[in-house]
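Participant: Provided below: upload_24.txt, containing compact mmCIF, C-alpha atoms (C1' of nucleotides).
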# COMPACT_ATOMS: atom_id res chain seq x y z
CA MET K 1 0.00 0.00 0.00
CA LYS K 2 1.28 3.46 -0.93
CA LEU K 3 0.32 6.74 0.73
CA ALA K 4 1.37 10.14 -0.61
CA THR K 5 1.06 13.84 0.11
CA TRP K 6 1.43 16.79 -2.27
CA ASN K 7 0.74 20.47 -1.85
CA VAL K 8 -0.28 21.32 -5.43
CA ASN K 9 -0.63 25.12 -5.05
CA SER K 10 -3.88 25.31 -7.10
CA LEU K 11 -5.53 22.10 -8.28
CA LYS K 12 -6.98 24.02 -11.23
CA VAL K 13 -3.48 24.68 -12.57
CA ARG K 14 -1.96 21.38 -11.42
CA LEU K 15 -4.72 18.86 -12.28
CA PRO K 16 -2.91 17.62 -15.42
CA GLN K 17 0.23 17.10 -13.35
CA VAL K 18 -1.67 15.24 -10.63
CA LEU K 19 -3.20 12.90 -13.23
CA GLN K 20 0.16 12.42 -14.97
CA TRP K 21 1.89 11.72 -11.67
CA LEU K 22 -0.77 9.18 -10.65
CA ALA K 23 -0.45 7.46 -14.03
CA ASP K 24 3.31 7.24 -13.56
CA SER K 25 3.27 6.30 -9.89
CA PRO K 26 -0.10 4.97 -8.70
CA VAL K 27 -0.84 5.25 -4.98
CA ASP K 28 -3.65 4.02 -2.74
CA ALA K 29 -4.11 7.38 -1.06
CA LEU K 30 -3.05 10.78 -2.35
CA CYS K 31 -3.49 13.72 0.00
CA LEU K 32 -3.60 17.10 -1.71
CA GLN K 33 -3.29 20.53 -0.13
CA GLU K 34 -3.86 24.09 -1.31
CA LEU K 35 -6.56 23.24 -3.83
CA LYS K 36 -7.41 26.97 -3.91
CA MET K 37 -10.86 26.20 -5.28
CA ASP K 38 -14.44 26.30 -4.06
CA GLN K 39 -16.15 23.05 -3.08
CA ASP K 40 -18.27 23.11 -6.25
CA ALA K 41 -15.27 23.65 -8.54
CA PHE K 42 -13.56 20.34 -7.69
CA PRO K 43 -12.72 18.41 -10.92
CA LEU K 44 -14.40 15.16 -9.85
CA ALA K 45 -15.26 14.01 -13.39
CA GLU K 46 -11.63 14.15 -14.54
CA ILE K 47 -10.44 12.37 -11.40
CA GLU K 48 -13.08 9.64 -11.77
CA ALA K 49 -12.19 9.24 -15.43
CA ALA K 50 -8.63 8.53 -14.28
CA GLY K 51 -9.93 5.70 -12.10
CA TYR K 52 -9.93 7.47 -8.75
CA ARG K 53 -12.55 8.61 -6.27
CA ALA K 54 -12.17 11.58 -3.96
CA ALA K 55 -13.26 13.32 -0.80
CA TRP K 56 -12.48 17.02 -0.62
CA PHE K 57 -13.00 20.15 1.45
CA GLY K 58 -12.68 23.14 -0.82
CA GLN K 59 -12.37 26.87 -0.29
CA LYS K 60 -12.18 29.70 -2.77
CA THR K 61 -8.73 31.24 -3.28
CA TYR K 62 -7.04 29.77 -0.21
CA ASN K 63 -6.48 26.41 1.48
CA GLY K 64 -8.58 23.40 0.46
CA VAL K 65 -7.64 19.71 0.87
CA ALA K 66 -8.55 16.41 -0.76
CA ILE K 67 -7.93 12.67 -0.50
CA LEU K 68 -7.87 10.57 -3.68
CA THR K 69 -8.03 6.77 -3.77
CA PRO K 70 -8.40 4.23 -6.57
CA ALA K 71 -12.01 3.36 -7.40
CA ALA K 72 -11.34 -0.16 -6.12
CA TYR K 73 -11.13 1.25 -2.58
CA GLN K 74 -13.76 3.02 -0.52
CA LEU K 75 -13.46 6.30 1.37
CA GLU K 76 -15.04 5.49 4.73
CA ASP K 77 -15.95 7.73 7.65
CA VAL K 78 -15.01 10.97 5.88
CA VAL K 79 -14.62 13.88 8.28
CA ALA K 80 -13.98 17.43 7.03
CA GLY K 81 -12.28 19.90 9.33
CA ILE K 82 -11.34 19.39 12.97
CA PRO K 83 -14.50 18.41 14.87
CA GLY K 84 -15.38 20.98 17.52
CA TYR K 85 -13.05 23.63 16.08
CA ASP K 86 -14.94 26.29 14.16
CA ASP K 87 -12.12 27.21 11.80
CA PRO K 88 -13.18 29.23 8.73
CA GLN K 89 -10.05 28.00 6.93
CA ARG K 90 -10.52 24.60 5.32
CA ARG K 91 -7.35 22.70 6.07
CA VAL K 92 -8.20 19.15 7.14
CA ILE K 93 -10.00 16.09 5.78
CA ALA K 94 -9.85 12.50 6.99
CA ALA K 95 -11.00 9.14 5.66
CA THR K 96 -10.41 5.46 6.28
CA ILE K 97 -8.92 3.63 3.30
CA ASN K 98 -8.24 -0.10 3.34
CA GLY K 99 -8.18 -0.11 7.13
CA VAL K 100 -5.85 2.88 7.46
CA ARG K 101 -7.06 6.14 8.96
CA VAL K 102 -5.70 8.85 6.65
CA ILE K 103 -5.67 12.45 7.86
CA CYS K 104 -4.78 15.04 5.22
CA ALA K 105 -3.77 18.40 6.66
CA TYR K 106 -2.60 21.75 5.41
CA PHE K 107 -0.98 23.25 8.49
CA VAL K 108 -1.00 27.02 8.98
CA ASN K 109 2.00 28.86 7.54
CA GLY K 110 2.19 31.62 10.14
CA GLU K 111 3.94 34.24 7.98
CA SER K 112 6.43 35.30 10.69
CA VAL K 113 6.81 34.76 14.41
CA ASP K 114 5.54 38.27 15.22
CA SER K 115 2.43 37.96 13.03
CA PRO K 116 -1.14 37.34 14.25
CA LYS K 117 -1.06 34.44 11.78
CA TYR K 118 1.65 32.85 13.92
CA ALA K 119 -0.60 32.98 17.00
CA TYR K 120 -3.30 31.33 14.89
CA LYS K 121 -0.75 28.71 13.85
CA LEU K 122 0.05 27.79 17.46
CA GLU K 123 -3.66 27.63 18.35
CA TRP K 124 -4.32 25.51 15.26
CA LEU K 125 -1.44 23.18 16.17
CA ALA K 126 -2.93 22.66 19.65
CA ARG K 127 -6.31 21.84 18.09
CA MET K 128 -4.68 19.41 15.67
CA GLU K 129 -2.78 17.72 18.47
CA ALA K 130 -6.01 17.17 20.43
CA TYR K 131 -7.79 15.89 17.31
CA VAL K 132 -5.04 13.42 16.47
CA ALA K 133 -4.89 12.22 20.08
CA ASP K 134 -8.62 11.53 19.92
CA GLU K 135 -8.36 9.76 16.58
CA LEU K 136 -5.57 7.56 17.93
CA THR K 137 -7.90 6.15 20.58
CA ARG K 138 -9.94 4.63 17.73
CA HIS K 139 -7.38 4.05 14.98
CA PRO K 140 -4.17 2.12 15.70
CA ARG K 141 -3.39 2.26 11.98
CA LEU K 142 -3.22 6.02 11.33
CA ALA K 143 -1.18 8.26 9.04
CA LEU K 144 -1.06 12.06 9.29
CA LEU K 145 0.01 13.37 5.91
CA GLY K 146 0.39 16.89 4.68
CA ASP K 147 2.13 20.20 4.44
CA TYR K 148 3.08 20.76 8.08
CA ASN K 149 4.82 24.08 7.47
CA ILE K 150 7.34 22.91 10.07
CA ALA K 151 10.94 21.90 9.44
CA PRO K 152 11.51 19.54 12.39
CA GLU K 153 15.31 19.79 12.59
CA ASP K 154 18.15 21.99 11.39
CA ARG K 155 19.11 19.36 8.80
CA ASP K 156 15.70 20.02 7.19
CA LEU K 157 16.68 23.60 6.24
CA TYR K 158 19.15 24.80 3.61
CA ASP K 159 20.48 27.53 5.91
CA PRO K 160 19.80 26.69 9.57
CA GLU K 161 21.66 29.73 10.88
CA GLY K 162 19.85 32.10 8.56
CA TRP K 163 16.53 30.51 9.52
CA ARG K 164 17.21 30.43 13.28
CA GLU K 165 13.92 30.88 15.22
CA GLN K 166 12.13 32.00 12.06
CA VAL K 167 8.67 30.77 11.14
CA LEU K 168 8.71 27.09 10.03
CA CYS K 169 11.44 26.23 12.54
CA SER K 170 10.86 28.30 15.68
CA THR K 171 11.05 26.46 19.00
CA PRO K 172 7.25 26.52 19.67
CA GLU K 173 6.57 25.04 16.22
CA ARG K 174 9.18 22.33 16.67
CA GLU K 175 7.77 21.58 20.11
CA ALA K 176 4.34 21.11 18.56
CA PHE K 177 5.88 18.68 16.06
CA ARG K 178 7.55 16.81 18.92
CA ARG K 179 4.23 16.60 20.76
CA LEU K 180 2.66 14.96 17.71
CA GLN K 181 5.54 12.47 17.77
CA GLY K 182 4.93 12.07 21.50
CA LEU K 183 1.42 10.82 20.76
CA GLY K 184 3.08 7.79 19.21
CA LEU K 185 3.74 8.99 15.67
CA THR K 186 6.96 8.55 13.70
CA ASP K 187 8.37 10.72 10.91
CA SER K 188 8.41 7.98 8.29
CA PHE K 189 10.94 9.72 6.03
CA ARG K 190 13.57 9.56 8.77
CA LEU K 191 13.10 5.79 9.12
CA PHE K 192 14.94 5.46 5.82
CA ASN K 193 16.99 8.58 5.18
CA GLN K 194 19.32 10.39 7.60
CA GLU K 195 20.83 12.77 5.05
CA GLU K 196 20.68 16.51 5.42
CA LYS K 197 19.32 18.76 2.65
CA GLN K 198 16.42 16.43 1.76
CA PHE K 199 13.79 18.98 0.84
CA SER K 200 10.13 18.95 -0.20
CA TRP K 201 9.70 22.69 -0.93
CA TRP K 202 11.82 25.19 -2.80
CA ASP K 203 11.03 28.87 -3.36
CA TYR K 204 10.11 29.69 -6.93
CA ARG K 205 12.53 32.60 -6.87
CA ALA K 206 16.27 32.79 -7.39
CA MET K 207 16.57 29.30 -8.91
CA MET K 208 16.29 27.80 -5.46
CA PHE K 209 15.31 24.37 -6.79
CA ARG K 210 18.28 24.13 -9.16
CA ARG K 211 20.56 25.15 -6.30
CA ASN K 212 18.76 22.72 -3.93
CA LEU K 213 18.04 25.46 -1.43
CA GLY K 214 14.80 24.37 0.21
CA VAL K 215 13.12 23.07 3.34
CA ARG K 216 11.54 19.75 4.34
CA ILE K 217 8.06 20.65 5.58
CA ASP K 218 5.86 17.96 3.96
CA HIS K 219 5.65 14.91 6.17
CA ILE K 220 4.01 11.53 6.71
CA LEU K 221 3.72 10.63 10.39
CA ILE K 222 2.62 7.08 11.21
CA THR K 223 1.62 4.94 14.18
CA ASP K 224 3.66 1.95 15.38
CA GLU K 225 1.40 -0.51 13.57
CA LEU K 226 2.15 1.21 10.27
CA LYS K 227 5.81 1.71 11.20
CA ALA K 228 6.10 -2.07 11.43
CA ARG K 229 4.89 -2.25 7.82
CA ALA K 230 6.92 0.66 6.41
CA GLN K 231 9.21 -0.31 3.54
CA ALA K 232 10.23 3.04 2.05
CA CYS K 233 9.54 6.75 2.23
CA VAL K 234 10.85 8.97 -0.56
CA ILE K 235 10.56 12.53 -1.75
CA ASP K 236 9.73 12.39 -5.47
CA LYS K 237 11.37 15.45 -7.01
CA THR K 238 10.21 14.59 -10.53
CA PRO K 239 7.13 16.87 -10.68
CA ARG K 240 9.19 19.80 -9.37
CA LYS K 241 11.17 19.58 -12.63
CA TRP K 242 8.09 19.80 -14.86
CA GLU K 243 6.90 22.95 -16.61
CA ARG K 244 4.96 25.27 -14.29
CA PRO K 245 5.41 23.12 -11.18
CA SER K 246 4.01 23.41 -7.69
CA ASP K 247 6.64 24.75 -5.30
CA HIS K 248 6.15 21.54 -3.26
CA THR K 249 6.87 18.01 -4.48
CA PRO K 250 5.26 14.71 -3.41
CA VAL K 251 6.33 12.51 -0.51
CA VAL K 252 5.47 8.80 -0.85
CA LEU K 253 5.31 6.10 1.82
CA THR K 254 5.27 2.40 0.93
CA LEU K 255 3.71 -0.06 3.38
CA ALA K 256 3.76 -3.86 3.26
CA ASP K 257 0.27 -5.22 2.61
C1' DA J 1 17.59 43.33 -1.55
C1' DT J 2 10.85 44.88 2.87
C1' DG J 3 14.24 42.01 -3.41
C1' DG J 4 13.79 37.49 -6.46
C1' DC J 5 8.22 33.95 -8.25
C1' DT J 6 3.46 32.10 -8.66
C1' DG J 7 -1.63 31.93 -8.08
C1' DT J 8 -5.96 34.22 -7.07
C1' DC J 9 -9.31 37.86 -7.25
C1' DC J 10 -15.70 41.57 -9.19
C1' DC J 11 -7.76 41.34 -11.85
C1' DT J 12 -3.34 45.69 -14.22
C1' DG J 13 -2.20 45.90 -7.98
C1' DA J 14 -2.87 43.61 -3.45
C1' DC J 15 -2.49 39.57 -0.78
C1' DA J 16 -0.61 35.10 0.47
C1' DG J 17 2.55 31.67 0.32
C1' DA J 18 7.14 29.70 3.10
With the file now loaded, output its structure as structure tokens.

Facilitator:
Amino acid sequence: MKLATWNVNSLKVRLPQVLQWLADSPVDALCLQELKMDQDAFPLAEIEAAGYRAAWFGQKTYNGVAILTPAAYQLEDVVAGIPGYDDPQRRVIAATINGVRVICAYFVNGESVDSPKYAYKLEWLARMEAYVADELTRHPRLALLGDYNIAPEDRDLYDPEGWREQVLCSTPEREAFRRLQGLGLTDSFRLFNQEEKQFSWWDYRAMMFRRNLGVRIDHILITDELKARAQACVIDKTPRKWERPSDHTPVVLTLAD
DNA sequence: ATGGCTGTCCCTGACAGA
């Protein structure tokens, strides 16, 4: 079983790339973030024609998340948003696929540590932590996939000194990431790769991708039951090389069946 | 370099992203 996450930065623009990528590298769950489209604008017909079904939580202009799965699977117990948290920003959707609870999340960016958006980020992180803790009481096989907007360690940044205590890697954000790990979740990428400069996002500007100056902020965290089945977790840089790419690239986890 | 690029919106400039 393969699970993947990809912040597409507009599904309207990136739909052909999503379909091409799925044709090249089929997965059993693809979590998408930053759809940037209203609920009614979701391209369900094209996705179904490609052999996939979908659950999505759309929003005009900003945010928006979706989970795609092959038509052979079901999307069970779909939950949009964080229950009990009246957040106008649509950043979370969850579904059970083939016995695995899949939570797709677009974490708050925060803009900068002195911004009101950063305070919202910390509040949102606390809500997410409580939600995941609650989900874990019911789902021993759970994966939390998405754009976390957190670089967990210095080796996940191209310039740790330049980024010191900036948004994406400030101590409170990293502590929130550690608390998610403390719930019993493992950063699946680091089960297989200990190298520094393994990035999932590169700024569009200044040829940052060609110079490999990026950050690793897209993650797949998994419970122990899934950890026992994990066979590989890779960052697929291929779509970042295509014409008019998203600034993020997919992360893919392979589990034994 | 408070810069560089990309996407969106009642669109030609502002906002957001990270």

Participant: For chain J, which residue out of K:Val100, K:Ala206, K:Cys169, K:Ala49 is the nearest one, using all atoms listed in the file?

Facilitator: K:Ala206

Participant: At a cut-off of 8 Å, list the chain K residues touching chain J, using all atoms listed in the file, as an MDAnalysis selection string.

Facilitator: chainID K and resid 9:10 61 109 111 149 168 203:206

Participant: Please indicate the distance in Å from atom CA of Cys104 of chain K to atom CA of Met207 of chain K, rounded to one decimal place.

Facilitator: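 For atom CA of Cys104 of chain K relative to atom CA of Met207 of chain K, the distance reads 29.3 Å.
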
Participant: Just the residues within 10 Å of segment 133-138 of chain K, please, counting only C-alpha atoms (C1' of nucleotides), with nothing from its chain fewer than 2 positions along; format it as a list of chain:residue names.

Facilitator: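 The filter keeps K:Arg101, K:Ile103, K:Arg127, K:Met128, K:Glu129, K:Ala130, K:Tyr131, K:Pro140, K:Arg141, K:Leu142, K:Ala143, K:Leu180, K:Gly182, K:Leu183, K:Gly184, K:Leu185, K:Thr223.
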
Participant: Calculate how many Å separate atom CA of Leu125 of chain K from atom CA of Asp187 of chain K, rounding to one decimal.

Facilitator: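 Here the two named atoms are 16.7 Å from each other.
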
Participant: What does the structure give for the distance between atom CA of Ser170 of chain K and atom CA of His219 of chain K, in Å to one decimal?

Facilitator: 17.2 Å

Participant: Which of these, K:Gln39, K:Ser25, K:Asn193, K:Gln33, has the shortest distance to Val8 of chain K once you count all atoms listed in the file?

Facilitator: K:Gln33

Participant: Which residue, K:Lys241, K:His248, K:Arg229, K:Arg14, has the smallest gap to Arg216 of chain K when you use all atoms listed in the file?

Facilitator: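 The shortest atom-to-atom distance to Arg216 of chain K comes from K:His248.
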
Participant: Can you complete the atoms of segment 186-220 of chain K to N, CA and C atoms and list them as a short mmCIF file (atom, residue, chain, number, x, y, z; two decimals), in the coordinates of the input?

Facilitator:
data_model
loop_
_atom_site.label_atom_id
_atom_site.label_comp_id
_atom_site.auth_asym_id
_atom_site.auth_seq_id
_atom_site.Cartn_x
_atom_site.Cartn_y
_atom_site.Cartn_z
N THR K 186 5.57 8.55 14.17
CA THR K 186 6.96 8.55 13.70
C THR K 186 7.05 9.24 12.35
N ASP K 187 8.08 10.06 12.20
CA ASP K 187 8.37 10.72 10.91
C ASP K 187 8.92 9.65 9.96
N SER K 188 8.05 9.17 9.08
CA SER K 188 8.41 7.98 8.29
C SER K 188 9.61 8.23 7.38
N PHE K 189 9.79 9.44 6.91
CA PHE K 189 10.94 9.72 6.03
C PHE K 189 12.25 9.41 6.75
N ARG K 190 12.32 9.75 8.02
CA ARG K 190 13.57 9.56 8.77
C ARG K 190 13.80 8.11 9.20
N LEU K 191 12.84 7.22 8.92
CA LEU K 191 13.10 5.79 9.12
C LEU K 191 14.10 5.29 8.08
N PHE K 192 14.19 6.00 6.95
CA PHE K 192 14.94 5.46 5.82
C PHE K 192 16.05 6.38 5.32
N ASN K 193 16.03 7.63 5.74
CA ASN K 193 16.99 8.58 5.18
C ASN K 193 17.46 9.53 6.28
N GLN K 194 18.76 9.52 6.55
CA GLN K 194 19.32 10.39 7.60
C GLN K 194 20.10 11.55 7.01
N GLU K 195 20.05 11.72 5.69
CA GLU K 195 20.83 12.77 5.05
C GLU K 195 20.27 14.15 5.35
N GLU K 196 21.15 15.13 5.37
CA GLU K 196 20.68 16.51 5.42
C GLU K 196 20.34 16.98 4.00
N LYS K 197 19.69 18.14 3.94
CA LYS K 197 19.32 18.76 2.65
C LYS K 197 18.42 17.85 1.80
N GLN K 198 17.46 17.21 2.46
CA GLN K 198 16.42 16.43 1.76
C GLN K 198 15.15 17.27 1.84
N PHE K 199 14.84 17.96 0.77
CA PHE K 199 13.79 18.98 0.84
C PHE K 199 12.53 18.58 0.08
N SER K 200 11.41 19.19 0.50
CA SER K 200 10.13 18.95 -0.20
C SER K 200 9.55 20.24 -0.76
N TRP K 201 10.16 21.39 -0.42
CA TRP K 201 9.70 22.69 -0.93
C TRP K 201 10.91 23.55 -1.26
N TRP K 202 10.79 24.24 -2.38
CA TRP K 202 11.82 25.19 -2.80
C TRP K 202 11.11 26.45 -3.31
N ASP K 203 11.58 27.59 -2.89
CA ASP K 203 11.03 28.87 -3.36
C ASP K 203 11.13 28.95 -4.89
N TYR K 204 10.08 29.52 -5.48
CA TYR K 204 10.11 29.69 -6.93
C TYR K 204 11.23 30.63 -7.38
N ARG K 205 11.62 31.51 -6.48
CA ARG K 205 12.53 32.60 -6.87
C ARG K 205 13.99 32.17 -6.77
N ALA K 206 14.81 32.90 -7.51
CA ALA K 206 16.27 32.79 -7.39
C ALA K 206 16.79 31.38 -7.66
N MET K 207 16.10 30.65 -8.52
CA MET K 207 16.57 29.30 -8.91
C MET K 207 16.88 28.42 -7.70
N MET K 208 16.03 28.54 -6.71
CA MET K 208 16.29 27.80 -5.46
C MET K 208 16.24 26.29 -5.67
N PHE K 209 15.37 25.82 -6.57
CA PHE K 209 15.31 24.37 -6.79
C PHE K 209 16.60 23.87 -7.45
N ARG K 210 17.05 24.55 -8.48
CA ARG K 210 18.28 24.13 -9.16
C ARG K 210 19.47 24.14 -8.22
N ARG K 211 19.45 25.05 -7.26
CA ARG K 211 20.56 25.15 -6.30
C ARG K 211 20.32 24.27 -5.08
N ASN K 212 19.19 23.55 -5.07
CA ASN K 212 18.76 22.72 -3.93
C ASN K 212 18.80 23.49 -2.62
N LEU K 213 18.19 24.66 -2.63
CA LEU K 213 18.04 25.46 -1.43
C LEU K 213 16.56 25.44 -1.06
N GLY K 214 16.21 24.54 -0.14
CA GLY K 214 14.80 24.37 0.21
C GLY K 214 14.61 24.03 1.67
N VAL K 215 13.44 23.52 1.97
CA VAL K 215 13.12 23.07 3.34
C VAL K 215 12.30 21.79 3.25
N ARG K 216 12.38 20.96 4.29
CA ARG K 216 11.54 19.75 4.34
C ARG K 216 10.41 20.02 5.32
N ILE K 217 9.23 20.28 4.77
CA ILE K 217 8.06 20.65 5.58
C ILE K 217 6.84 19.77 5.28
N ASP K 218 6.95 18.88 4.30
CA ASP K 218 5.86 17.96 3.96
C ASP K 218 6.20 16.60 4.55
N HIS K 219 5.31 16.08 5.37
CA HIS K 219 5.65 14.91 6.17
C HIS K 219 4.54 13.86 6.17
N ILE K 220 4.95 12.63 6.48
CA ILE K 220 4.01 11.53 6.71
C ILE K 220 4.37 10.92 8.06
#
